[in-house]
>>> print(open('target20.cif').read())   # mmCIF, C-alpha atoms
data_final
#
loop_
_atom_site.group_PDB
_atom_site.id
_atom_site.type_symbol
_atom_site.label_atom_id
_atom_site.label_comp_id
_atom_site.auth_asym_id
_atom_site.auth_seq_id
_atom_site.Cartn_x
_atom_site.Cartn_y
_atom_site.Cartn_z
ATOM 1 C CA MET A 1444 -42.662 -88.544 -102.586
ATOM 2 C CA MET A 1445 -40.629 -87.055 -99.782
ATOM 3 C CA LYS A 1446 -38.472 -84.059 -100.636
ATOM 4 C CA VAL A 1447 -35.328 -83.657 -98.548
ATOM 5 C CA SER A 1448 -33.758 -80.219 -98.260
ATOM 6 C CA SER A 1449 -31.320 -78.387 -96.049
ATOM 7 C CA ASN A 1450 -32.458 -76.373 -93.034
ATOM 8 C CA PRO A 1451 -34.222 -74.174 -92.096
ATOM 9 C CA HIS A 1452 -37.315 -76.337 -92.462
ATOM 10 C CA ILE A 1453 -39.695 -73.886 -90.777
ATOM 11 C CA ARG A 1454 -39.916 -70.554 -92.576
ATOM 12 C CA SER A 1455 -41.673 -67.339 -91.631
ATOM 13 C CA VAL A 1456 -43.137 -64.522 -93.708
ATOM 14 C CA TRP A 1457 -41.488 -62.118 -91.256
ATOM 15 C CA THR A 1458 -38.165 -61.247 -92.865
ATOM 16 C CA THR A 1459 -35.592 -59.087 -91.092
ATOM 17 C CA ASN A 1460 -36.599 -56.157 -93.272
ATOM 18 C CA LYS A 1461 -40.298 -56.520 -92.360
ATOM 19 C CA ILE A 1462 -39.542 -56.887 -88.640
ATOM 20 C CA MET A 1463 -37.376 -53.765 -88.620
ATOM 21 C CA LEU A 1464 -40.005 -51.835 -90.559
ATOM 22 C CA CYS A 1465 -42.612 -52.845 -87.979
ATOM 23 C CA VAL A 1466 -40.303 -51.687 -85.168
ATOM 24 C CA ILE A 1467 -39.801 -48.345 -86.908
ATOM 25 C CA ILE A 1468 -43.560 -47.884 -87.269
ATOM 26 C CA SER A 1469 -44.092 -48.804 -83.611
ATOM 27 C CA LEU A 1470 -41.539 -46.184 -82.540
ATOM 28 C CA LEU A 1471 -43.219 -43.398 -84.503
ATOM 29 C CA PRO A 1472 -45.721 -42.506 -81.724
ATOM 30 C CA ALA A 1473 -42.879 -41.932 -79.229
ATOM 31 C CA ALA A 1474 -40.765 -40.113 -81.818
ATOM 32 C CA GLY A 1475 -43.679 -37.978 -82.981
ATOM 33 C CA PHE A 1476 -44.628 -36.994 -79.449
ATOM 34 C CA GLY A 1477 -40.971 -36.222 -78.693
ATOM 35 C CA VAL A 1478 -40.862 -33.754 -81.581
ATOM 36 C CA TYR A 1479 -44.212 -32.255 -80.525
ATOM 37 C CA ASN A 1480 -43.069 -32.005 -76.900
ATOM 38 C CA PHE A 1481 -39.525 -30.705 -77.394
ATOM 39 C CA GLY A 1482 -39.534 -28.938 -80.736
ATOM 40 C CA TRP A 1483 -37.448 -28.889 -83.887
ATOM 41 C CA ASN A 1484 -34.106 -29.675 -82.226
ATOM 42 C CA ALA A 1485 -35.508 -33.082 -81.297
ATOM 43 C CA LEU A 1486 -36.433 -33.721 -84.947
ATOM 44 C CA MET A 1487 -32.977 -32.604 -86.045
ATOM 45 C CA LEU A 1488 -31.335 -35.021 -83.600
ATOM 46 C CA ILE A 1489 -33.503 -37.910 -84.821
ATOM 47 C CA VAL A 1490 -32.653 -37.243 -88.468
ATOM 48 C CA VAL A 1491 -28.931 -36.710 -87.836
ATOM 49 C CA THR A 1492 -28.569 -39.809 -85.646
ATOM 50 C CA ILE A 1493 -30.361 -42.063 -88.124
ATOM 51 C CA ALA A 1494 -28.282 -40.643 -90.990
ATOM 52 C CA SER A 1495 -25.077 -41.208 -89.009
ATOM 53 C CA ALA A 1496 -25.999 -44.829 -88.325
ATOM 54 C CA VAL A 1497 -26.957 -45.574 -91.938
ATOM 55 C CA LEU A 1498 -23.899 -43.853 -93.436
ATOM 56 C CA SER A 1499 -21.576 -45.549 -90.924
ATOM 57 C CA GLU A 1500 -22.855 -48.986 -91.901
ATOM 58 C CA THR A 1501 -22.602 -48.135 -95.592
ATOM 59 C CA ALA A 1502 -19.020 -46.874 -95.221
ATOM 60 C CA PHE A 1503 -17.962 -49.877 -93.128
ATOM 61 C CA ASN A 1504 -19.341 -52.330 -95.675
ATOM 62 C CA ALA A 1505 -17.622 -50.439 -98.503
ATOM 63 C CA LEU A 1506 -14.248 -50.362 -96.716
ATOM 64 C CA CYS A 1507 -14.446 -54.058 -95.827
ATOM 65 C CA LYS A 1508 -15.769 -54.929 -99.310
ATOM 66 C CA LYS A 1509 -18.905 -56.478 -97.884
ATOM 67 C CA LYS A 1510 -22.401 -56.501 -99.304
ATOM 68 C CA ASN A 1511 -24.269 -53.382 -98.246
ATOM 69 C CA SER A 1512 -26.653 -54.404 -95.457
ATOM 70 C CA ILE A 1513 -28.620 -51.182 -94.938
ATOM 71 C CA LYS A 1514 -31.643 -52.622 -96.762
ATOM 72 C CA ASP A 1515 -32.479 -54.691 -93.680
ATOM 73 C CA LEU A 1516 -33.297 -51.363 -91.919
ATOM 74 C CA SER A 1517 -31.508 -52.416 -88.706
ATOM 75 C CA ALA A 1518 -29.263 -49.337 -88.899
ATOM 76 C CA VAL A 1519 -32.357 -47.131 -89.090
ATOM 77 C CA VAL A 1520 -33.793 -48.822 -85.996
ATOM 78 C CA THR A 1521 -30.496 -48.393 -84.121
ATOM 79 C CA GLY A 1522 -30.266 -44.711 -85.051
ATOM 80 C CA LEU A 1523 -33.892 -44.063 -84.125
ATOM 81 C CA LEU A 1524 -33.605 -45.835 -80.760
ATOM 82 C CA LEU A 1525 -30.406 -43.968 -79.940
ATOM 83 C CA ALA A 1526 -31.996 -40.637 -80.877
ATOM 84 C CA LEU A 1527 -34.973 -41.344 -78.610
ATOM 85 C CA ASN A 1528 -32.479 -41.848 -75.768
ATOM 86 C CA LEU A 1529 -30.791 -38.472 -76.249
ATOM 87 C CA PRO A 1530 -31.600 -35.237 -74.388
ATOM 88 C CA PRO A 1531 -33.661 -32.944 -76.647
ATOM 89 C CA GLY A 1532 -31.211 -30.068 -76.224
ATOM 90 C CA ALA A 1533 -28.094 -32.040 -77.155
ATOM 91 C CA PRO A 1534 -25.944 -30.686 -80.023
ATOM 92 C CA TRP A 1535 -26.154 -32.381 -83.429
ATOM 93 C CA TRP A 1536 -22.644 -33.843 -83.250
ATOM 94 C CA ILE A 1537 -23.663 -35.997 -80.284
ATOM 95 C CA GLY A 1538 -25.993 -37.865 -82.630
ATOM 96 C CA VAL A 1539 -23.217 -38.245 -85.203
ATOM 97 C CA ILE A 1540 -20.718 -39.687 -82.722
ATOM 98 C CA GLY A 1541 -23.344 -41.902 -81.118
ATOM 99 C CA GLY A 1542 -24.551 -43.297 -84.445
ATOM 100 C CA MET A 1543 -20.986 -44.087 -85.541
ATOM 101 C CA PHE A 1544 -20.128 -45.791 -82.250
ATOM 102 C CA ALA A 1545 -23.333 -47.856 -82.207
ATOM 103 C CA ILE A 1546 -22.852 -49.186 -85.727
ATOM 104 C CA VAL A 1547 -19.086 -49.494 -86.133
ATOM 105 C CA VAL A 1548 -17.916 -50.442 -82.635
ATOM 106 C CA VAL A 1549 -20.863 -52.299 -81.109
ATOM 107 C CA LYS A 1550 -22.399 -53.860 -84.223
ATOM 108 C CA MET A 1551 -20.145 -54.198 -87.277
ATOM 109 C CA LEU A 1552 -16.820 -54.972 -85.592
ATOM 110 C CA PHE A 1553 -18.472 -57.993 -83.978
ATOM 111 C CA GLY A 1554 -19.858 -59.365 -87.232
ATOM 112 C CA GLY A 1555 -22.928 -57.276 -87.986
ATOM 113 C CA LEU A 1556 -26.610 -57.867 -87.302
ATOM 114 C CA GLY A 1557 -27.190 -60.782 -84.935
ATOM 115 C CA GLN A 1558 -23.555 -60.982 -83.814
ATOM 116 C CA ASN A 1559 -23.432 -57.959 -81.498
ATOM 117 C CA PHE A 1560 -23.091 -58.821 -77.820
ATOM 118 C CA MET A 1561 -25.070 -55.826 -76.544
ATOM 119 C CA ASN A 1562 -27.801 -53.556 -77.815
ATOM 120 C CA PRO A 1563 -26.014 -51.071 -80.137
ATOM 121 C CA ALA A 1564 -28.196 -48.080 -79.246
ATOM 122 C CA LEU A 1565 -27.734 -48.595 -75.508
ATOM 123 C CA GLY A 1566 -24.026 -49.289 -75.926
ATOM 124 C CA ALA A 1567 -23.690 -45.958 -77.701
ATOM 125 C CA ARG A 1568 -25.806 -44.158 -75.105
ATOM 126 C CA CYS A 1569 -23.631 -45.431 -72.259
ATOM 127 C CA PHE A 1570 -20.518 -44.438 -74.216
ATOM 128 C CA LEU A 1571 -21.926 -40.931 -74.620
ATOM 129 C CA LEU A 1572 -22.902 -40.782 -70.937
ATOM 130 C CA ILE A 1573 -19.344 -41.608 -69.915
ATOM 131 C CA SER A 1574 -17.664 -39.375 -72.507
ATOM 132 C CA PHE A 1575 -20.006 -36.362 -72.434
ATOM 133 C CA THR A 1576 -21.656 -36.570 -69.023
ATOM 134 C CA SER A 1577 -22.645 -32.915 -68.725
ATOM 135 C CA ILE A 1578 -24.377 -32.901 -72.111
ATOM 136 C CA MET A 1579 -26.112 -36.252 -71.674
ATOM 137 C CA THR A 1580 -27.471 -35.335 -68.240
ATOM 138 C CA ASN A 1581 -28.660 -31.838 -69.165
ATOM 139 C CA PHE A 1582 -32.356 -31.995 -70.014
ATOM 140 C CA ASP A 1583 -32.961 -28.258 -70.201
ATOM 141 C CA CYS A 1584 -34.626 -27.153 -73.420
ATOM 142 C CA ASP A 1585 -37.062 -24.522 -74.654
ATOM 143 C CA ALA A 1586 -40.012 -26.470 -73.266
ATOM 144 C CA TYR A 1587 -38.638 -27.521 -69.860
ATOM 145 C CA THR A 1588 -35.935 -26.537 -67.414
ATOM 146 C CA GLY A 1589 -34.798 -28.199 -64.230
ATOM 147 C CA ALA A 1590 -34.432 -31.804 -63.126
ATOM 148 C CA THR A 1591 -36.263 -34.791 -64.547
ATOM 149 C CA PRO A 1592 -39.153 -36.258 -62.531
ATOM 150 C CA LEU A 1593 -36.999 -39.193 -61.383
ATOM 151 C CA ALA A 1594 -34.329 -36.823 -60.090
ATOM 152 C CA VAL A 1595 -36.986 -34.816 -58.253
ATOM 153 C CA LEU A 1596 -38.443 -38.023 -56.813
ATOM 154 C CA LYS A 1597 -35.033 -39.252 -55.664
ATOM 155 C CA SER A 1598 -34.355 -35.970 -53.887
ATOM 156 C CA GLY A 1599 -37.639 -36.328 -51.989
ATOM 157 C CA GLY A 1600 -39.720 -33.933 -54.067
ATOM 158 C CA ARG A 1601 -43.214 -34.425 -55.478
ATOM 159 C CA VAL A 1602 -44.003 -35.110 -59.115
ATOM 160 C CA ASN A 1603 -47.101 -34.934 -61.294
ATOM 161 C CA ILE A 1604 -47.794 -38.531 -62.334
ATOM 162 C CA THR A 1605 -50.504 -37.525 -64.821
ATOM 163 C CA ASP A 1606 -48.042 -35.330 -66.716
ATOM 164 C CA MET A 1607 -45.501 -38.151 -66.621
ATOM 165 C CA VAL A 1608 -47.939 -40.625 -68.148
ATOM 166 C CA LYS A 1609 -48.939 -38.146 -70.854
ATOM 167 C CA GLY A 1610 -45.320 -37.140 -71.444
ATOM 168 C CA PHE A 1611 -45.297 -33.451 -70.590
ATOM 169 C CA THR A 1612 -42.098 -33.620 -68.547
ATOM 170 C CA ALA A 1613 -38.356 -33.264 -68.991
ATOM 171 C CA GLY A 1614 -36.434 -36.308 -70.195
ATOM 172 C CA THR A 1615 -34.957 -37.829 -73.317
ATOM 173 C CA ILE A 1616 -36.744 -37.390 -76.638
ATOM 174 C CA GLY A 1617 -38.616 -40.678 -76.627
ATOM 175 C CA GLU A 1618 -38.969 -41.732 -73.005
ATOM 176 C CA THR A 1619 -41.426 -39.237 -71.561
ATOM 177 C CA SER A 1620 -44.831 -40.389 -72.866
ATOM 178 C CA VAL A 1621 -45.925 -43.743 -71.464
ATOM 179 C CA ILE A 1622 -49.038 -43.582 -73.642
ATOM 180 C CA ALA A 1623 -47.003 -43.241 -76.862
ATOM 181 C CA ILE A 1624 -44.567 -45.995 -75.867
ATOM 182 C CA VAL A 1625 -47.283 -48.472 -74.890
ATOM 183 C CA ALA A 1626 -49.220 -47.683 -78.083
ATOM 184 C CA GLY A 1627 -46.134 -48.584 -80.110
ATOM 185 C CA ALA A 1628 -45.496 -51.692 -78.026
ATOM 186 C CA CYS A 1629 -49.052 -52.873 -78.699
ATOM 187 C CA ILE A 1630 -48.260 -52.855 -82.418
ATOM 188 C CA LEU A 1631 -45.288 -55.174 -81.854
ATOM 189 C CA ILE A 1632 -47.313 -57.469 -79.609
ATOM 190 C CA LEU A 1633 -50.293 -57.659 -81.981
ATOM 191 C CA PHE A 1634 -48.041 -58.606 -84.902
ATOM 192 C CA GLY A 1635 -46.180 -61.157 -82.785
ATOM 193 C CA ILE A 1636 -42.815 -59.409 -83.064
ATOM 194 C CA ILE A 1637 -42.414 -59.463 -79.274
ATOM 195 C CA ASP A 1638 -44.312 -60.998 -76.361
ATOM 196 C CA LEU A 1639 -44.621 -60.123 -72.696
ATOM 197 C CA LYS A 1640 -42.097 -62.590 -71.259
ATOM 198 C CA ILE A 1641 -39.266 -60.079 -70.923
ATOM 199 C CA PRO A 1642 -41.223 -56.794 -70.517
ATOM 200 C CA GLY A 1643 -43.690 -58.396 -68.091
ATOM 201 C CA SER A 1644 -41.079 -60.063 -65.889
ATOM 202 C CA TYR A 1645 -38.943 -56.899 -66.043
ATOM 203 C CA ILE A 1646 -41.723 -54.582 -64.859
ATOM 204 C CA VAL A 1647 -43.150 -56.988 -62.242
ATOM 205 C CA SER A 1648 -39.759 -57.752 -60.699
ATOM 206 C CA PHE A 1649 -38.948 -54.034 -60.618
ATOM 207 C CA VAL A 1650 -42.205 -53.293 -58.772
ATOM 208 C CA VAL A 1651 -41.506 -56.111 -56.290
ATOM 209 C CA PHE A 1652 -38.020 -54.710 -55.692
ATOM 210 C CA LEU A 1653 -39.476 -51.259 -54.963
ATOM 211 C CA LEU A 1654 -42.000 -52.759 -52.539
ATOM 212 C CA LEU A 1655 -39.282 -54.603 -50.634
ATOM 213 C CA PHE A 1656 -36.370 -52.164 -50.779
ATOM 214 C CA GLY A 1657 -37.697 -48.837 -52.063
ATOM 215 C CA GLY A 1658 -38.245 -47.476 -48.578
ATOM 216 C CA HIS A 1659 -41.796 -46.310 -49.307
ATOM 217 C CA GLY A 1660 -43.735 -49.522 -48.738
ATOM 218 C CA LEU A 1661 -46.993 -49.918 -50.638
ATOM 219 C CA ASN A 1662 -46.953 -46.362 -51.956
ATOM 220 C CA PHE A 1663 -48.794 -46.446 -55.288
ATOM 221 C CA GLY A 1664 -47.721 -42.913 -56.177
ATOM 222 C CA TYR A 1665 -44.042 -43.744 -55.713
ATOM 223 C CA ILE A 1666 -44.339 -46.955 -57.741
ATOM 224 C CA ALA A 1667 -46.335 -45.290 -60.526
ATOM 225 C CA ALA A 1668 -43.811 -42.460 -60.776
ATOM 226 C CA ASN A 1669 -40.944 -44.931 -61.095
ATOM 227 C CA LEU A 1670 -42.791 -46.860 -63.791
ATOM 228 C CA ALA A 1671 -43.720 -43.757 -65.768
ATOM 229 C CA GLY A 1672 -40.410 -41.958 -65.300
ATOM 230 C CA GLY A 1673 -37.142 -42.462 -67.115
ATOM 231 C CA GLY A 1674 -36.483 -45.075 -69.762
ATOM 232 C CA LEU A 1675 -38.106 -48.088 -68.093
ATOM 233 C CA MET A 1676 -41.004 -48.520 -70.530
ATOM 234 C CA LEU A 1677 -38.935 -47.720 -73.614
ATOM 235 C CA GLY A 1678 -36.203 -50.091 -72.479
ATOM 236 C CA ALA A 1679 -38.546 -52.901 -71.434
ATOM 237 C CA PHE A 1680 -40.504 -53.062 -74.693
ATOM 238 C CA PHE A 1681 -38.038 -51.912 -77.335
ATOM 239 C CA MET A 1682 -34.485 -52.651 -76.171
ATOM 240 C CA ALA A 1683 -34.601 -55.541 -73.713
ATOM 241 C CA THR A 1684 -36.547 -57.493 -76.372
ATOM 242 C CA ASP A 1685 -33.816 -57.128 -79.017
ATOM 243 C CA TYR A 1686 -33.578 -60.515 -80.767
ATOM 244 C CA ALA A 1687 -29.771 -60.539 -80.960
ATOM 245 C CA THR A 1688 -29.075 -59.735 -77.316
ATOM 246 C CA ARG A 1689 -31.856 -61.523 -75.417
ATOM 247 C CA PRO A 1690 -31.929 -65.210 -74.378
ATOM 248 C CA ILE A 1691 -33.521 -67.631 -76.824
ATOM 249 C CA THR A 1692 -35.094 -69.946 -74.258
ATOM 250 C CA ASP A 1693 -38.457 -69.156 -72.655
ATOM 251 C CA LEU A 1694 -37.138 -69.697 -69.134
ATOM 252 C CA GLY A 1695 -34.059 -67.669 -69.993
ATOM 253 C CA GLN A 1696 -36.224 -64.735 -71.051
ATOM 254 C CA TYR A 1697 -38.056 -64.773 -67.718
ATOM 255 C CA VAL A 1698 -34.731 -64.930 -65.853
ATOM 256 C CA PHE A 1699 -33.400 -62.117 -68.052
ATOM 257 C CA GLY A 1700 -36.413 -59.908 -67.319
ATOM 258 C CA ILE A 1701 -36.210 -60.534 -63.567
ATOM 259 C CA LEU A 1702 -32.495 -59.741 -63.618
ATOM 260 C CA LEU A 1703 -33.164 -56.446 -65.392
ATOM 261 C CA GLY A 1704 -35.855 -55.511 -62.887
ATOM 262 C CA ILE A 1705 -33.546 -56.178 -59.937
ATOM 263 C CA LEU A 1706 -30.607 -54.320 -61.495
ATOM 264 C CA THR A 1707 -32.770 -51.319 -62.376
ATOM 265 C CA GLY A 1708 -34.122 -51.268 -58.828
ATOM 266 C CA ILE A 1709 -30.609 -51.385 -57.368
ATOM 267 C CA PHE A 1710 -29.398 -48.548 -59.585
ATOM 268 C CA ARG A 1711 -32.415 -46.357 -58.880
ATOM 269 C CA VAL A 1712 -32.751 -46.981 -55.155
ATOM 270 C CA TYR A 1713 -29.102 -47.257 -54.112
ATOM 271 C CA GLY A 1714 -27.242 -45.624 -56.998
ATOM 272 C CA ALA A 1715 -26.021 -42.064 -57.155
ATOM 273 C CA GLY A 1716 -28.145 -41.323 -60.222
ATOM 274 C CA ALA A 1717 -31.891 -41.434 -60.697
ATOM 275 C CA GLU A 1718 -31.871 -43.731 -63.754
ATOM 276 C CA GLY A 1719 -30.344 -47.158 -64.421
ATOM 277 C CA VAL A 1720 -32.209 -48.829 -67.285
ATOM 278 C CA SER A 1721 -29.409 -48.537 -69.843
ATOM 279 C CA TYR A 1722 -26.750 -50.047 -67.594
ATOM 280 C CA ALA A 1723 -29.134 -52.750 -66.375
ATOM 281 C CA ILE A 1724 -29.905 -53.922 -69.917
ATOM 282 C CA ILE A 1725 -26.246 -53.865 -70.975
ATOM 283 C CA ILE A 1726 -25.183 -55.902 -67.937
ATOM 284 C CA GLY A 1727 -28.051 -58.266 -68.706
ATOM 285 C CA ASN A 1728 -26.834 -58.562 -72.320
ATOM 286 C CA LEU A 1729 -23.380 -59.560 -71.089
ATOM 287 C CA LEU A 1730 -24.902 -62.286 -68.917
ATOM 288 C CA VAL A 1731 -27.086 -63.765 -71.669
ATOM 289 C CA PRO A 1732 -24.600 -66.571 -72.575
ATOM 290 C CA LEU A 1733 -24.588 -67.696 -68.935
ATOM 291 C CA ILE A 1734 -28.387 -67.474 -68.706
ATOM 292 C CA GLU A 1735 -28.760 -69.576 -71.850
ATOM 293 C CA LYS A 1736 -26.253 -72.150 -70.588
ATOM 294 C CA ILE A 1737 -28.222 -72.568 -67.368
ATOM 295 C CA THR A 1738 -31.702 -72.543 -68.905
ATOM 296 C CA MET A 1739 -31.075 -74.527 -72.094
ATOM 297 C CA PRO A 1740 -33.295 -77.652 -72.088
ATOM 298 C CA LYS A 1741 -31.433 -80.929 -71.631
ATOM 299 C CA PRO A 1742 -31.642 -83.479 -74.469
ATOM 300 C CA PHE A 1743 -34.283 -86.136 -73.839
ATOM 301 C CA GLY A 1744 -33.185 -89.741 -73.594
ATOM 302 C CA PRO A 1745 -30.110 -91.656 -72.423
ATOM 303 C CA LYS A 1746 -26.590 -90.655 -73.417
ATOM 304 C CA GLU A 1747 -24.860 -92.699 -76.034
ATOM 305 C CA ARG A 1748 -22.545 -95.262 -74.579
ATOM 306 C CA ARG A 1749 -18.946 -94.990 -75.606
ATOM 307 C CA GLN A 1750 -17.683 -97.915 -77.554
ATOM 308 C CA LYS A 1751 -15.013 -99.864 -75.771
ATOM 309 C CA ALA A 1752 -11.706 -99.839 -77.537
#
>>> encode(input="target20.cif", output="structure tokens")
Amino acid sequence: MMKVSSNPHIRSVWTTNKIMLCVIISLLPAAGFGVYNFGWNALMLIVVTIASAVLSETAFNALCKKKNSIKDLSAVVTGLLLALNLPPGAPWWIGVIGGMFAIVVVKMLFGGLGQNFMNPALGARCFLLISFTSIMTNFDCDAYTGATPLAVLKSGGRVNITDMVKGFTAGTIGETSVIAIVAGACILILFGIIDLKIPGSYIVSFVVFLLLFGGHGLNFGYIAANLAGGGLMLGAFFMATDYATRPITDLGQYVFGILLGILTGIFRVYGAGAEGVSYAIIIGNLLVPLIEKITMPKPFGPKERRQKA
């Protein structure tokens, strides 16, 4: 006997709550190393930013008389990602403002989880960069002083790539250690939460851009420093792969990744600043509807003929 039911017909054991919990676990290596590297102020920023995000979502749901949605843990993920993108010496209120903006403005005002048109954490980070530029670009802390490795590289200086890979450099809380970021990304890949379509095409296209337009030719040191420095790895594996703001088609994801690699290369090589990942991903998010329109598979078979009146 055939049982007919409404969609969805294909179900997964991976609920939103479980996916978000897996993302949180995968971010713990980067967060833990950030606290170890930068000290207690980094831990304070992580806690405050997560609390701001969770409380903002709770308050918004209460004011709008909606069901509280914090159990899906997406607010925790947003707060954690935003915190990992903050300078370790930033004041606590930066995390509060950022968490509120990410949840209320970027996420909830557009309908909540799955309806936001850009990554909430990156939207908030760019808002903070524009509003509090001096704070968001000051990476001095008890552990490190001076410019970030990417800034040194852009000015023509030399950097220690080994320290960059390990994470013992200036930068945001969660972007410095490539080892910690890749370890967390491996967790997501092994559990099938993400794949390498977007991160792989992002990183490869960025390397190709540097080879063609970076001005250093086949300089492995220059390429390695650009890969290890800044938020490229954190953005490629944890923010560009956001389910709500990435294309749904396979071809679209490759196009999306290539676009991000080119945009990041343009910002880093020709831009005034040394970074560019956040703006590249946000611009990519805005172009996702167009990418999906172009890459959406066409229906198979002939079109239905219109009945003559």
>>> axis_aligned_box(input="target20.cif", around="segment 1555-1570 of chain A", padding_each_side="3 Å", output="JSON")
{"center_x": -24.4, "center_y": -52.6, "center_z": -80.1, "size_x": 13.7, "size_y": 22.8, "size_z": 21.7}
>>> atom_distance(input="target20.cif", atom1="atom CA of Leu1730 of chain A", atom2="atom CA of Gly1673 of chain A")
23.4 Å
>>> residues_around(input="target20.cif", residues="segment 1590-1606 of chain A", least_positions_apart="6", cutoff="10 Å", atoms="only C-alpha atoms", output="CSV table (one decimal) with C-alpha atoms, keeping the file's coordinate frame")
chain,number,residue,atom,x,y,z
A,1580,THR,CA,-27.5,-35.3,-68.2
A,1581,ASN,CA,-28.7,-31.8,-69.2
A,1582,PHE,CA,-32.4,-32.0,-70.0
A,1583,ASP,CA,-33.0,-28.3,-70.2
A,1612,THR,CA,-42.1,-33.6,-68.5
A,1613,ALA,CA,-38.4,-33.3,-69.0
A,1614,GLY,CA,-36.4,-36.3,-70.2
A,1615,THR,CA,-35.0,-37.8,-73.3
A,1619,THR,CA,-41.4,-39.2,-71.6
A,1620,SER,CA,-44.8,-40.4,-72.9
A,1621,VAL,CA,-45.9,-43.7,-71.5
A,1664,GLY,CA,-47.7,-42.9,-56.2
A,1665,TYR,CA,-44.0,-43.7,-55.7
A,1667,ALA,CA,-46.3,-45.3,-60.5
A,1668,ALA,CA,-43.8,-42.5,-60.8
A,1669,ASN,CA,-40.9,-44.9,-61.1
A,1670,LEU,CA,-42.8,-46.9,-63.8
A,1671,ALA,CA,-43.7,-43.8,-65.8
A,1672,GLY,CA,-40.4,-42.0,-65.3
A,1673,GLY,CA,-37.1,-42.5,-67.1
A,1711,ARG,CA,-32.4,-46.4,-58.9
A,1712,VAL,CA,-32.8,-47.0,-55.2
A,1715,ALA,CA,-26.0,-42.1,-57.2
A,1716,GLY,CA,-28.1,-41.3,-60.2
A,1717,ALA,CA,-31.9,-41.4,-60.7
A,1718,GLU,CA,-31.9,-43.7,-63.8
>>> resolve_selection(input="target20.cif", expression="the PyMOL selection byres ((chain A and resi 1474) around 9)", output="number ranges by chain")
A: 1470-1473, 1475-1479, 1485-1486, 1489, 1523, 1526-1527, 1616-1617, 1623
>>> atom_distance(input="target20.cif", atom1="atom CA of Asn1480 of chain A", atom2="atom CA of Pro1531 of chain A")
9.5 Å
>>> closest_residue(input="target20.cif", among="A:Ala1586, A:Pro1690, A:Ile1724, A:Gly1555", to="Lys1510 of chain A", atoms="all atoms listed in the file")
A:Gly1555
>>> atom_distance(input="target20.cif", atom1="atom CA of Asn1504 of chain A", atom2="atom CA of Asn1460 of chain A")
17.8 Å
>>> resolve_selection(input="target20.cif", expression="the PyMOL selection byres ((chain A and resi 1692-1703) around 6)", output="short mmCIF file (atom, residue, chain, number, x, y, z; two decimals) with C-alpha atoms, keeping the file's coordinate frame")
data_model
loop_
_atom_site.label_atom_id
_atom_site.label_comp_id
_atom_site.auth_asym_id
_atom_site.auth_seq_id
_atom_site.Cartn_x
_atom_site.Cartn_y
_atom_site.Cartn_z
CA LYS A 1640 -42.10 -62.59 -71.26
CA ILE A 1641 -39.27 -60.08 -70.92
CA SER A 1644 -41.08 -60.06 -65.89
CA TYR A 1645 -38.94 -56.90 -66.04
CA SER A 1648 -39.76 -57.75 -60.70
CA PRO A 1690 -31.93 -65.21 -74.38
CA ILE A 1691 -33.52 -67.63 -76.82
CA GLY A 1704 -35.85 -55.51 -62.89
CA ILE A 1705 -33.55 -56.18 -59.94
CA LEU A 1706 -30.61 -54.32 -61.50
CA THR A 1707 -32.77 -51.32 -62.38
CA ALA A 1723 -29.13 -52.75 -66.38
CA ILE A 1734 -28.39 -67.47 -68.71
CA GLU A 1735 -28.76 -69.58 -71.85
CA THR A 1738 -31.70 -72.54 -68.90
#
>>> closest_residue(input="target20.cif", among="A:Arg1689, A:Asn1728, A:Lys1741, A:Phe1656", to="Phe1710 of chain A", atoms="all atoms listed in the file")
A:Phe1656
>>> residues_around(input="target20.cif", residues="Ile1462 of chain A", least_positions_apart="3", cutoff="9 Å", atoms="all atoms listed in the file", output="tab-separated table (two decimals) with C-alpha atoms, keeping the file's coordinate frame")
chain	number	residue	atom	x	y	z
A	1457	TRP	CA	-41.49	-62.12	-91.26
A	1458	THR	CA	-38.16	-61.25	-92.86
A	1459	THR	CA	-35.59	-59.09	-91.09
A	1465	CYS	CA	-42.61	-52.84	-87.98
A	1466	VAL	CA	-40.30	-51.69	-85.17
A	1467	ILE	CA	-39.80	-48.34	-86.91
A	1515	ASP	CA	-32.48	-54.69	-93.68
A	1516	LEU	CA	-33.30	-51.36	-91.92
A	1636	ILE	CA	-42.82	-59.41	-83.06
